[in-house]
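Heads up: the structure comes next, in structure tokens.
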Amino acid sequence: MISKLAEDFDDTIVAIATPQGIGAIGVVRLSGENAIEIANNIFKGKDLTRQSSHTIHYGQIVKEGTVLDEVVVSLFKAPRSYTKENVVEISTHGSPFILQELVKLLISHGARLARPGEFTKRAFLNGRFDLAQAEAVADLISADSRATHMAAMNQMRGGFSKKIKHLRNELIHFASLIELELDFAEEDVEFANRGELVSLIQNIQHEISRLIDSFSVGNAIKNGVPTVIAGKPNTGKSTLLNTLLEEEKAIVSDIPGTTRDVIEDVIHIEGISFRFIDTAGIREAKDSIEAIGLQKTKEKMKTASVIIYLVDATDALDKEIGETKEKLDKLNIPYLIAANKTDKLDKNILGQLQEQYPEVIFISAATEANIDTLKKKLLKIVHLDDFITGDTIVTNLRHIESLTNTQQALDDVLKGIGEGISGDLLALDIRQALHHLGEITGEITTDDLLGNIFSKFCIGK
């Protein structure tokens, strides 16, 4: 477990809670036992020490007899606050000078500058929420799409934590029975039915496996789905990228080999971030520079989560589609084949091709024909249905490591039961599994672990 001693827990901390730069307003946050008294020392208006929690007060910040700014002060008295301590938030005009002067003034009256993530760390240590929920706060702040926002909100509201705690509580029940057996070792009494324990562990492992498997989706949600646009030169890859981005990001030209480097940008499709990558056309290189671009294309294709392979609908498709599918199947990466330039085809010919190649998406990047269908196919191929329907998704690498370690410990328990090992050794393996599950939610943690997690937060959070 962790100690509050090393954290200067009795200190009142202060930090700017709004982003750097000039804005309409800025917020300075204080938290600690003396937060209200310290703020009251520099506030000209009502006596803040006599005001109720969850109230807002207008007044002035005064420094050495001079008004620094007109402000609004919000009071949150312990334990009804984010940190479960006394919290004061001072809203000023958004001048960086005013904000910095205010922080220095509060420090001169007894506060100290907060460390990165210290407000949320105090909230965790004071029992406001568990460690997984605390980590979700940082994810929520950095959310840049509907999907990342939904994932962070689900975790912050305790969806993932509840599942972990349920699994842990089930295991604790059997662990306590085995521990009880050790007290009656001489009487050879068995309180924990081994068959029921095996069934329980298998059920827990099934749930943990599902959570581990969800990380591929969770990682894509959090960091974006790497999506490579590949194909031969002059099939319209750059035009497609520009159409998806709705801006002229890539150079479009009828000259084959125009794209010689990798171009990347992020596109949000129904709340999911896709990192689209436009690559050099796949052909025999004409010069050394183009060869470098082709090599980068091949490297990007191998690391992609999905590939959009573009072909020219106006060319003979029989041979190219067959060869393309054969090459892409070998990569073992989900892919879509899209036939571009349908705007140049006769409608009857297009209809015949669509019947002949039902697995191919026929589009026109130039006129945006069928682009919506391409987007829907992308969502389907990356298996985000589970997330969209509200299932618990793991997005944190630390959680995956703890879940994987839990699986290994549970494997050891099953192996021990099969070999008929003694209750004390069995209890040791179960405690190990409980330890790793407890690491996720913070029942088991260390100062070093907390320091690593909260150091990634912004100072005002």
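We label chains A, B, ... in the order they appear in the structure tokens, count residues from 1 in each chain, and number ligands from 1 in the order shown.
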Residues within 8 Å of Arg146 (chain A), only C-alpha atoms, excluding chain neighbours under 2 positions, as a PyMOL selection string: chain A and resi 143-144+148-150+270-272
Residues flagged strand (DSSP E) by DSSP in region 83-230 of chain A, as a ChimeraX atom specification: /A:87-94,112-113,225-230
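Around Leu336 (chain A), within 7 Å and counting only C-alpha atoms, the residues found are Ile307, Ile308 and Tyr309 of chain A, once anything fewer than 4 positions away on its own chain is removed.
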Report as CSV the residues of region 192-253 of chain A within 8 Å of region 366-369 of chain A, each with its shortest atom pair and distance in Å (one decimal), using only C-alpha atoms, ordered by chain and increasing residue number.
residue,atom,partner,partner_atom,distance
A:Thr239,CA,A:Ala366,CA,6.6
A:Leu240,CA,A:Ala366,CA,7.5
A:Thr243,CA,A:Glu368,CA,6.9
Polymer residues at most 8 Å from Phe215 (chain A), only C-alpha atoms, same-chain spacing of 4 or more positions, as a PyMOL selection string: chain A and resi 211+219+393-396+400
All residues 10 Å or closer to Phe129 (chain A), only C-alpha atoms, same chain fewer than 6 positions away omitted, as number ranges by chain: A: 82-83, 120-121, 123, 156-158, 161, 441-442
Non-local contacts of Leu106 (chain A) (8 Å; only C-alpha atoms; under 3 positions in same chain excluded) as an MDAnalysis selection string: chainID A and resid 14 38:39 42 102:103 109:111
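Between CA of Ser91 (chain A) and CA of Phe454 (chain A) lies a distance of 24.8 Å.
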CA of Glu101 (chain A) to CA of Leu113 (chain A), distance in Å rounded to a single decimal: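 These atoms are spaced 12.8 Å apart.
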A:Gln205, A:Ser273, A:Thr55, A:Ser31 ranked by distance to Gly224 (chain A), top pick (using only C-alpha atoms): A:Ser273
Picked from region 16-190 of chain A by DSSP as helix (DSSP H, G or I), as a VMD selection string: chain A and resid 35 to 42 48 to 50 96 to 108 118 to 125 131 to 142 146 to 156 159 to 183 185 to 187
For Ile98 (chain A), the nearest of the candidates A:Arg50, A:Lys63, A:Arg398, A:Arg80, counting only C-alpha atoms: A:Lys63
Point-to-point distance in Å for CA of Glu118 (chain A) and CA of Phe457 (chain A):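 About the pair CA of Phe457 (chain A) and CA of Glu118 (chain A): they are 8.3 Å apart.
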